[in-house]
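Enquirer: This is the structure, below, for whatever I ask next.
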Amino acid sequence: MSSKYDVLVIGGGNAAMCAAISARRAGASVLVLEGAPKFYRGGNTRHTRNMRCAHDAATEILTGPYTEEEFWDDLLRVTGGETDEDLARFMIRESKDILNWIVEQGVRWQPSLGGTLSLGRTNSFFLGGGRAMLNALYLTAERLGVDIRYDAEVVDIKVEDGMFLSAELRRPIDGTTEVSASTLVAAAGGFEANIEWLREYWGEAADNFLIRGTPYNRGSILKMLLAKGVHQVGDPTQCHAVAIDARAPKFDGGIITRHDSVVFGIVVNKHAERFYDEGEDIWPKRYAIWGRLVAAQPDQIAHIIFDSTVVTSFMPTLFPPIAGDTIAELAGKLELDPAALEKTITEFNAAVRPGTFDHTILDDCRTEGIVPPKTHWARRIETPPYLAYPVRPGITFTYLGTRVNKQARMLMKDGKPSANMFAAGEIMAGNVLGRGYAAGIGMTIGSVFGRIAGREAAKNARN
Amino acid sequence: MQEADRLMTVCNSCRYCEGLCAVFPAMEMRRSFSDGDLNYLANLCHACGACYVDCQFSPPHEFNVNVPKTLAAARAESYAAYAWPRALSGAFERNGLVISLIAAFSMAAFILGFAAFNDPNVLFGIHTGPGAFYKLMPHNTMAALFSAAFLYAILALVMGVRAFWRNIGEPIGGRADGGSIFQAIRDAGELRYLHGGGVGCYNEDDRPTDRRKLYHHFTFYGFLLCFAATSVATLYHYLLGREAPYAWWDLPVVLGSLGGIGLIVGPIGLLLAKAQRDPALLDDTSYGMDVGFIAMLFLTGITGMALLLLRATPAMGPLLALHLGAVFALFITMPYGKFVHGIYRFAALVRYAQERRHGLNG
């Protein structure tokens, strides 16, 4: 450990491993420091399942072309313009070759999974999911001779005038050590698992957030870099959140705790009142807004309420719905005021207009005369047993990051490029994804900038 | 069974493993799981281990998802549940002991029988030329004994798989179509699902290999070759009037030798792989059953090969007794040991091929 490495990679997810592999392939000696134990390696990559890459023609696993221009349009729409166009277009162009490059690193593709047909043209799915993808990248890195340390928490970094010197490392087995390297690739993710940090922006509400990934995404490297004068990008107060089952574990519940049954019923808060149009938009947009909506409700809790006629309309869920033969019984189990819930449902039922239900389009089933309205897919809730899923905000990732250029090189506050520091993945995602989300784009950012960061760091170390 | 039900609910809300094998697509065709469904999925699983290595919720995660181990346990329980006659399903408990006792008893019986019915000079004499074996045991006695054992095994296996098929199928007792059977023969023949979705199966760690698949091929095709050798020899005997033993270049000996090598190399490889396998993937309760069956195949192979090599020496008599004892024990324990895995897994593959073609109720 005392020897000096050409490239030090901090982090252990998709971006970190792409950087490590690409630096090693360019001839550099590489050390990867993963803060988590081996099982939890890989940060949010553990829970991913696909990547969004541009391609000009259908492939074995993609049903049709997805041009650079269309990718850019999608990115522009989901971010509402909060993106660096030059960098984003560059990433999209580079994403084309990633489809092949990542396969050369041992990752295998498969067609889109059941229940995700809407992504079959744009997104390539990892065979076996994100952990399978990570396993492949780690095996490749090990085979190439990349050194990897687990449980390796970086507690401090030495940076002078935008130049990385060394990192102080603490491990349970060998205590604190100093690692020096010619270049640094920071690929250590965001701070979504750092409740204290989230509390700075969200107050006590943050205590009721559930974190969808591992407890190791604490953003400590991000915080150190910003403190050392790296230019900040992205809104620090914002994070991506979806509605997940309130019975999910505090950390690492992953994808299986999600709920997408909002459109089939109504959503009420702890006062048994509706608070937003459940029929506003089709998937995936509606999927991405409900986390924030629930976060704004008292005690950050809400309940999706539906009846027995729609149970088979959505994917089976990990936690079974809570059931009651009457509205009052269901209210009791949810610890809601029975009279208030009966009133809400009675008013909702009375407001439902007749229409032809089709959950795949914005149909004509809507309410009239209630606030908020349900503008699509509104059907009466009247067939017992009555069912409910309690939901809380599930925090996926944060937007705050380090500014980079096309070499994935960090930019300092004064606008100058860092001498030897690079960043890839969620830690710099805010450069291209300043807001919103599109499925699989986090992995694109990780692989594209990871590959570039590794290559550039290796080149930098040689000079 | 409860644990299998819980896991399938977890997996059904995730689906990342869909491309790895047949179990997960079959699971996705269902929303809830009857015992028959779970037995079907358990027997569809080839225990390649990929879904364990790839799962973000496997232990130490609190969701504790361990599909290979749980389905292995369910599989072992299903063998007992479908055993015929019901009274003998207890043989699956402490199966290793049962198999060893029967094997030892069977081999001892042949040795004692040979000794009792033969003069020591005959037992330890040198016999060559056509009919040499039958100097120790009359052909008709041998044929009658083994036919009876074999036919009993077939009957018990058919009754077992019939119960399994009825339990997993909808509509009850539905018949399989030719296309699905052909597909299942191909899938079973190449062990398509012992392949981790393309990279190989997992054994001792997170590096995929194809060792188990290779050794299973040795074992399975070795077994088939030995079976073919016996069948050809039977035809020789009754149709051509040619009596065993045959020359080394003759078809029954060539088939039997190749098969015997398979039954020696394969089981050794499988036993070694099992010894090195990550304990997290193993169902401890079926250890004796797994090892017992592999050992029986090995014993059959090694005694057969020894008999071939030493058939012109005084050891031929005792070796013949040992080999016949091993084969007899193999036959009568077939319906009550790990052998049934092949039968039930094949039936599950037929069912799966049918579901993919015609849907759940087709």
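We label chains A, B, ... in the order they appear in the structure tokens, count residues from 1 in each chain, and number ligands from 1 in the order shown.
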Contacts from chain B to chain A, 9 Å maximum, only C-alpha atoms: show me the residue list as a ChimeraX atom specification.
Expert: /B:6,9-20,25,28,31-32,50-51,53-57,59-63,197-198,206-207
Enquirer: Export, as a tab-separated table (two decimals), in the first residue's frame, the selected residues with C-alpha atoms.
Expert:
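Below you can see selection.tsv, which holds the result:
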```tsv
chain	number	residue	atom	x	y	z
B	6	ARG	CA	-41.86	-15.61	0.20
B	9	THR	CA	-42.94	-12.86	-4.11
B	10	VAL	CA	-39.70	-10.90	-3.65
B	11	CYS	CA	-38.35	-12.08	-7.01
B	12	ASN	CA	-41.61	-11.38	-8.79
B	13	SER	CA	-41.46	-7.74	-7.74
B	14	CYS	CA	-37.84	-7.42	-8.96
B	15	ARG	CA	-37.38	-9.58	-12.07
B	16	TYR	CA	-33.74	-8.68	-12.71
B	17	CYS	CA	-32.90	-12.39	-13.08
B	18	GLU	CA	-35.41	-12.94	-15.86
B	19	GLY	CA	-32.71	-13.66	-18.47
B	20	LEU	CA	-30.72	-16.14	-16.40
B	25	PRO	CA	-39.92	-16.29	-16.65
B	28	GLU	CA	-43.55	-14.13	-13.87
B	31	ARG	CA	-49.01	-13.90	-9.29
B	32	SER	CA	-49.47	-16.38	-6.47
B	50	ALA	CA	-26.16	-17.22	-10.92
B	51	CYS	CA	-29.24	-15.66	-9.34
B	53	VAL	CA	-24.37	-14.13	-7.13
B	54	ASP	CA	-26.31	-11.52	-9.10
B	55	CYS	CA	-28.92	-10.72	-6.45
B	56	GLN	CA	-28.64	-7.42	-4.60
B	57	PHE	CA	-30.81	-8.90	-1.83
B	59	PRO	CA	-27.51	-12.52	2.42
B	60	PRO	CA	-26.24	-10.59	4.35
B	61	HIS	CA	-28.99	-8.29	3.02
B	62	GLU	CA	-32.00	-8.33	5.34
B	63	PHE	CA	-34.30	-9.58	2.56
B	197	GLY	CA	-27.52	-17.26	-18.54
B	198	GLY	CA	-24.42	-17.73	-20.70
B	206	ASP	CA	-18.31	-15.42	-7.86
B	207	ARG	CA	-16.28	-16.69	-10.82
```
Enquirer: Would you give me, as an NGL selection string, the residues in range 95-229 of chain B that DSSP reads as alpha helix (DSSP H)?
Expert: :B and (95-117 or 120-123 or 139-168 or 178-189 or 211-229)
Enquirer: Please provide the set of residues having any atom within 9 Å of range 9-20 of chain A, restricted to only C-alpha atoms, with same-chain residues fewer than 3 positions apart removed, written as a ChimeraX atom specification.
Expert: /A:23-25,30-36,41-46,102,105,130,133-134,137-138,141,146,148,150,154,183-189,221,423-426,443,445-455,457
Enquirer: Where in range 41-234 of chain A does DSSP assign strand (DSSP E or B), given as a PDB file with N, CA and C atoms, in the first residue's frame?
Expert:
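After the write, selection-v5.pdb holds the following:
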```
ATOM      1  N   ASN A  50     -30.444  -0.944 -16.165  1.00  0.00           N
ATOM      2  CA  ASN A  50     -30.277  -0.660 -17.590  1.00  0.00           C
ATOM      3  C   ASN A  50     -29.518   0.631 -17.808  1.00  0.00           C
ATOM      4  N   MET A  51     -29.193   0.865 -19.068  1.00  0.00           N
ATOM      5  CA  MET A  51     -28.429   2.034 -19.453  1.00  0.00           C
ATOM      6  C   MET A  51     -29.033   2.603 -20.731  1.00  0.00           C
ATOM      7  N   ARG A  52     -29.064   3.930 -20.804  1.00  0.00           N
ATOM      8  CA  ARG A  52     -29.654   4.580 -21.977  1.00  0.00           C
ATOM      9  C   ARG A  52     -28.531   5.038 -22.903  1.00  0.00           C
ATOM     10  N   HIS A  55     -28.287   4.957 -30.356  1.00  0.00           N
ATOM     11  CA  HIS A  55     -27.891   3.981 -31.378  1.00  0.00           C
ATOM     12  C   HIS A  55     -28.702   4.269 -32.630  1.00  0.00           C
ATOM     13  N   TYR A  66     -32.419   4.882 -31.667  1.00  0.00           N
ATOM     14  CA  TYR A  66     -32.610   5.982 -30.714  1.00  0.00           C
ATOM     15  C   TYR A  66     -31.486   6.963 -31.019  1.00  0.00           C
ATOM     16  N   TRP A 109     -25.787  -7.987 -22.151  1.00  0.00           N
ATOM     17  CA  TRP A 109     -27.080  -7.314 -22.324  1.00  0.00           C
ATOM     18  C   TRP A 109     -28.202  -8.333 -22.433  1.00  0.00           C
ATOM     19  N   GLN A 110     -29.407  -7.865 -22.178  1.00  0.00           N
ATOM     20  CA  GLN A 110     -30.592  -8.659 -22.487  1.00  0.00           C
ATOM     21  C   GLN A 110     -31.704  -7.706 -22.886  1.00  0.00           C
ATOM     22  N   ASN A 123     -33.429   1.658 -23.975  1.00  0.00           N
ATOM     23  CA  ASN A 123     -32.534   1.236 -22.904  1.00  0.00           C
ATOM     24  C   ASN A 123     -32.070  -0.206 -23.060  1.00  0.00           C
ATOM     25  N   SER A 124     -30.786  -0.416 -22.824  1.00  0.00           N
ATOM     26  CA  SER A 124     -30.216  -1.757 -22.843  1.00  0.00           C
ATOM     27  C   SER A 124     -30.165  -2.271 -21.410  1.00  0.00           C
ATOM     28  N   PHE A 125     -30.679  -3.471 -21.203  1.00  0.00           N
ATOM     29  CA  PHE A 125     -30.750  -4.021 -19.843  1.00  0.00           C
ATOM     30  C   PHE A 125     -29.573  -4.949 -19.585  1.00  0.00           C
ATOM     31  N   PHE A 126     -29.093  -4.915 -18.329  1.00  0.00           N
ATOM     32  CA  PHE A 126     -28.004  -5.813 -17.939  1.00  0.00           C
ATOM     33  C   PHE A 126     -28.589  -7.186 -17.646  1.00  0.00           C
ATOM     34  N   ASP A 147      -5.762  -3.035  -8.335  1.00  0.00           N
ATOM     35  CA  ASP A 147      -5.847  -3.356  -6.905  1.00  0.00           C
ATOM     36  C   ASP A 147      -7.145  -2.782  -6.339  1.00  0.00           C
ATOM     37  N   ILE A 148      -7.830  -3.604  -5.549  1.00  0.00           N
ATOM     38  CA  ILE A 148      -9.124  -3.174  -5.007  1.00  0.00           C
ATOM     39  C   ILE A 148      -9.134  -3.379  -3.503  1.00  0.00           C
ATOM     40  N   ARG A 149      -9.528  -2.344  -2.751  1.00  0.00           N
ATOM     41  CA  ARG A 149      -9.669  -2.474  -1.300  1.00  0.00           C
ATOM     42  C   ARG A 149     -11.116  -2.182  -0.921  1.00  0.00           C
ATOM     43  N   GLU A 153     -12.525   3.405   3.795  1.00  0.00           N
ATOM     44  CA  GLU A 153     -13.139   4.724   3.908  1.00  0.00           C
ATOM     45  C   GLU A 153     -12.071   5.807   3.806  1.00  0.00           C
ATOM     46  N   VAL A 154     -12.244   6.712   2.849  1.00  0.00           N
ATOM     47  CA  VAL A 154     -11.315   7.836   2.728  1.00  0.00           C
ATOM     48  C   VAL A 154     -11.790   8.928   3.671  1.00  0.00           C
ATOM     49  N   VAL A 155     -10.932   9.278   4.666  1.00  0.00           N
ATOM     50  CA  VAL A 155     -11.372  10.247   5.670  1.00  0.00           C
ATOM     51  C   VAL A 155     -10.828  11.645   5.390  1.00  0.00           C
ATOM     52  N   ASP A 156      -9.831  11.730   4.522  1.00  0.00           N
ATOM     53  CA  ASP A 156      -9.330  13.067   4.176  1.00  0.00           C
ATOM     54  C   ASP A 156      -8.564  12.986   2.854  1.00  0.00           C
ATOM     55  N   ILE A 157      -8.540  14.087   2.139  1.00  0.00           N
ATOM     56  CA  ILE A 157      -7.685  14.142   0.943  1.00  0.00           C
ATOM     57  C   ILE A 157      -6.843  15.412   1.020  1.00  0.00           C
ATOM     58  N   LYS A 158      -5.606  15.301   0.533  1.00  0.00           N
ATOM     59  CA  LYS A 158      -4.726  16.474   0.494  1.00  0.00           C
ATOM     60  C   LYS A 158      -4.733  17.028  -0.924  1.00  0.00           C
ATOM     61  N   VAL A 159      -5.153  18.295  -1.032  1.00  0.00           N
ATOM     62  CA  VAL A 159      -5.208  18.964  -2.332  1.00  0.00           C
ATOM     63  C   VAL A 159      -4.532  20.325  -2.172  1.00  0.00           C
ATOM     64  N   GLU A 160      -3.621  20.629  -3.086  1.00  0.00           N
ATOM     65  CA  GLU A 160      -2.974  21.943  -3.056  1.00  0.00           C
ATOM     66  C   GLU A 160      -3.142  22.612  -4.402  1.00  0.00           C
ATOM     67  N   MET A 163      -4.487  20.568  -7.002  1.00  0.00           N
ATOM     68  CA  MET A 163      -3.691  19.381  -7.343  1.00  0.00           C
ATOM     69  C   MET A 163      -3.785  18.359  -6.215  1.00  0.00           C
ATOM     70  N   PHE A 164      -4.254  17.167  -6.589  1.00  0.00           N
ATOM     71  CA  PHE A 164      -4.387  16.091  -5.600  1.00  0.00           C
ATOM     72  C   PHE A 164      -3.010  15.532  -5.241  1.00  0.00           C
ATOM     73  N   LEU A 165      -2.760  15.352  -3.924  1.00  0.00           N
ATOM     74  CA  LEU A 165      -1.485  14.797  -3.463  1.00  0.00           C
ATOM     75  C   LEU A 165      -1.655  13.402  -2.889  1.00  0.00           C
ATOM     76  N   SER A 166      -2.569  13.284  -1.913  1.00  0.00           N
ATOM     77  CA  SER A 166      -2.728  11.974  -1.283  1.00  0.00           C
ATOM     78  C   SER A 166      -4.078  11.873  -0.598  1.00  0.00           C
ATOM     79  N   ALA A 167      -4.428  10.663  -0.222  1.00  0.00           N
ATOM     80  CA  ALA A 167      -5.679  10.428   0.501  1.00  0.00           C
ATOM     81  C   ALA A 167      -5.370   9.685   1.797  1.00  0.00           C
ATOM     82  N   GLU A 168      -6.122  10.028   2.839  1.00  0.00           N
ATOM     83  CA  GLU A 168      -5.961   9.315   4.102  1.00  0.00           C
ATOM     84  C   GLU A 168      -7.087   8.296   4.192  1.00  0.00           C
ATOM     85  N   LEU A 169      -6.666   7.080   4.451  1.00  0.00           N
ATOM     86  CA  LEU A 169      -7.566   5.953   4.314  1.00  0.00           C
ATOM     87  C   LEU A 169      -7.715   5.247   5.649  1.00  0.00           C
ATOM     88  N   ARG A 170      -8.931   4.906   6.006  1.00  0.00           N
ATOM     89  CA  ARG A 170      -9.118   4.167   7.261  1.00  0.00           C
ATOM     90  C   ARG A 170      -9.843   2.851   6.966  1.00  0.00           C
ATOM     91  N   ARG A 171      -9.233   1.761   7.403  1.00  0.00           N
ATOM     92  CA  ARG A 171      -9.858   0.442   7.228  1.00  0.00           C
ATOM     93  C   ARG A 171      -9.909  -0.265   8.559  1.00  0.00           C
ATOM     94  N   GLY A 175      -6.171   0.013  10.082  1.00  0.00           N
ATOM     95  CA  GLY A 175      -6.127   1.374  10.622  1.00  0.00           C
ATOM     96  C   GLY A 175      -5.971   2.440   9.553  1.00  0.00           C
ATOM     97  N   THR A 176      -5.344   3.546   9.930  1.00  0.00           N
ATOM     98  CA  THR A 176      -5.239   4.688   9.030  1.00  0.00           C
ATOM     99  C   THR A 176      -3.929   4.651   8.250  1.00  0.00           C
ATOM    100  N   THR A 177      -4.045   4.836   6.934  1.00  0.00           N
ATOM    101  CA  THR A 177      -2.842   4.884   6.110  1.00  0.00           C
ATOM    102  C   THR A 177      -2.966   6.012   5.107  1.00  0.00           C
ATOM    103  N   GLU A 178      -1.828   6.386   4.551  1.00  0.00           N
ATOM    104  CA  GLU A 178      -1.787   7.461   3.567  1.00  0.00           C
ATOM    105  C   GLU A 178      -1.531   6.840   2.193  1.00  0.00           C
ATOM    106  N   VAL A 179      -2.325   7.218   1.202  1.00  0.00           N
ATOM    107  CA  VAL A 179      -2.117   6.714  -0.153  1.00  0.00           C
ATOM    108  C   VAL A 179      -1.842   7.890  -1.066  1.00  0.00           C
ATOM    109  N   SER A 180      -0.708   7.853  -1.753  1.00  0.00           N
ATOM    110  CA  SER A 180      -0.474   8.922  -2.711  1.00  0.00           C
ATOM    111  C   SER A 180      -0.609   8.365  -4.122  1.00  0.00           C
ATOM    112  N   ALA A 181      -0.997   9.230  -5.029  1.00  0.00           N
ATOM    113  CA  ALA A 181      -1.184   8.819  -6.422  1.00  0.00           C
ATOM    114  C   ALA A 181      -0.974  10.028  -7.311  1.00  0.00           C
ATOM    115  N   SER A 182      -0.590   9.764  -8.559  1.00  0.00           N
ATOM    116  CA  SER A 182      -0.345  10.873  -9.483  1.00  0.00           C
ATOM    117  C   SER A 182      -1.630  11.580  -9.876  1.00  0.00           C
ATOM    118  N   THR A 183      -2.724  10.792  -9.937  1.00  0.00           N
ATOM    119  CA  THR A 183      -4.003  11.402 -10.310  1.00  0.00           C
ATOM    120  C   THR A 183      -5.123  10.800  -9.470  1.00  0.00           C
ATOM    121  N   LEU A 184      -6.213  11.540  -9.404  1.00  0.00           N
ATOM    122  CA  LEU A 184      -7.385  11.087  -8.648  1.00  0.00           C
ATOM    123  C   LEU A 184      -8.592  11.010  -9.573  1.00  0.00           C
ATOM    124  N   VAL A 185      -9.338   9.897  -9.480  1.00  0.00           N
ATOM    125  CA  VAL A 185     -10.665   9.859 -10.094  1.00  0.00           C
ATOM    126  C   VAL A 185     -11.661   9.719  -8.952  1.00  0.00           C
ATOM    127  N   ALA A 186     -12.482  10.750  -8.756  1.00  0.00           N
ATOM    128  CA  ALA A 186     -13.506  10.696  -7.712  1.00  0.00           C
ATOM    129  C   ALA A 186     -14.784  10.166  -8.349  1.00  0.00           C
ATOM    130  N   LEU A 210     -36.862   7.384   3.393  1.00  0.00           N
ATOM    131  CA  LEU A 210     -36.238   6.073   3.268  1.00  0.00           C
ATOM    132  C   LEU A 210     -35.204   6.183   2.141  1.00  0.00           C
ATOM    133  N   ILE A 211     -34.086   5.500   2.286  1.00  0.00           N
ATOM    134  CA  ILE A 211     -33.006   5.605   1.308  1.00  0.00           C
ATOM    135  C   ILE A 211     -32.983   4.328   0.491  1.00  0.00           C
ATOM    136  N   VAL A 230     -13.212  22.973  -5.383  1.00  0.00           N
ATOM    137  CA  VAL A 230     -13.746  22.508  -6.663  1.00  0.00           C
ATOM    138  C   VAL A 230     -15.079  23.215  -6.919  1.00  0.00           C
ATOM    139  N   GLN A 232     -18.756  23.929  -7.770  1.00  0.00           N
ATOM    140  CA  GLN A 232     -19.956  23.139  -7.471  1.00  0.00           C
ATOM    141  C   GLN A 232     -20.944  23.217  -8.624  1.00  0.00           C
ATOM    142  N   VAL A 233     -21.691  22.126  -8.835  1.00  0.00           N
ATOM    143  CA  VAL A 233     -22.721  22.131  -9.870  1.00  0.00           C
ATOM    144  C   VAL A 233     -23.966  21.453  -9.299  1.00  0.00           C
TER     145      VAL A 233
END
```
Enquirer: Could you tell me how far CA of Arg94 in chain B lies from CA of Gly292 in chain B, in Å and to one decimal?
Expert: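 Answer for the CA of Arg94 in chain B to CA of Gly292 in chain B separation: 10.1 Å.
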Enquirer: List the spatial neighbours of Ile332 in chain B as an MDAnalysis selection string - criterion: any atom at most 7 Å away, only C-alpha atoms, same-chain residues fewer than 2 positions off excluded.
Expert: chainID B and resid 149 153 328:330 334
Enquirer: Name the residues in contact with Leu387 in chain A at a cut-off of 8 Å, using only C-alpha atoms, excluding same-chain residues fewer than 3 positions from it; report them as a PyMOL selection string.
Expert: chain A and resi 305-308+321-324+330
Enquirer: If you count only C-alpha atoms, which residues fall within 12 Å of Ala288 in chain A, apart from same-chain ones fewer than 2 positions away, as a PyMOL selection string?
Expert: chain A and resi 78+239-244+258-260+262+281-286+290-294+393-397+435-439
Enquirer: Write out as an MDAnalysis selection string each polymer residue whose atoms come within 6 Å of range 314-325 of chain B, counting only C-alpha atoms; drop sequence neighbours fewer than 6 positions from it.
Expert: chainID B and resid 106:107 110:111 123:126 303:304 307
Enquirer: Produce a file of the selected residues containing C-alpha atoms, as a short mmCIF file (atom, residue, chain, number, x, y, z; two decimals), in the first residue's frame.
Expert:
```cif
data_model
loop_
_atom_site.label_atom_id
_atom_site.label_comp_id
_atom_site.auth_asym_id
_atom_site.auth_seq_id
_atom_site.Cartn_x
_atom_site.Cartn_y
_atom_site.Cartn_z
CA SER B 106 -27.18 -55.92 -2.26
CA MET B 107 -23.48 -56.43 -2.95
CA PHE B 110 -24.57 -61.32 -4.49
CA ILE B 111 -21.22 -62.31 -2.98
CA LEU B 123 -16.09 -68.70 -7.89
CA PHE B 124 -12.37 -68.09 -8.05
CA GLY B 125 -11.80 -69.96 -11.30
CA ILE B 126 -10.79 -68.48 -14.61
CA THR B 303 -16.94 -52.15 -10.60
CA GLY B 304 -17.91 -52.45 -14.24
CA LEU B 307 -14.74 -56.42 -14.20
#
```
Enquirer: Please indicate the distance in Å from CA of Gly359 in chain B to CA of Leu38 in chain B, rounded to one decimal place.
Expert: 17.6 Å
Enquirer: Quick one, how far is CA of Thr230 in chain B from CA of Gly256 in chain B?
Expert: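 Straight-line distance from CA of Thr230 in chain B to CA of Gly256 in chain B works out to 7.7 Å.
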Enquirer: Counting only C-alpha atoms, figure out which residue out of A:Pro37, A:Leu433, A:Tyr201, A:Asp325 gets nearest to Pro172 in chain A.
Expert: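 Counting only C-alpha atoms, the residue closest to Pro172 in chain A is A:Pro37.
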Enquirer: Restricting the calculation to only C-alpha atoms: of B:His216, B:Arg242, B:Asp210, B:Leu308, which residue gets closest to Leu271 in chain B?
Expert: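 Using only C-alpha atoms, the shortest distance to Leu271 in chain B belongs to B:His216.
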Enquirer: Nearest to Glu200 in chain A: which of A:Thr237, A:His231, A:His303, A:Leu119 is it, counting only C-alpha atoms?
Expert: A:Thr237
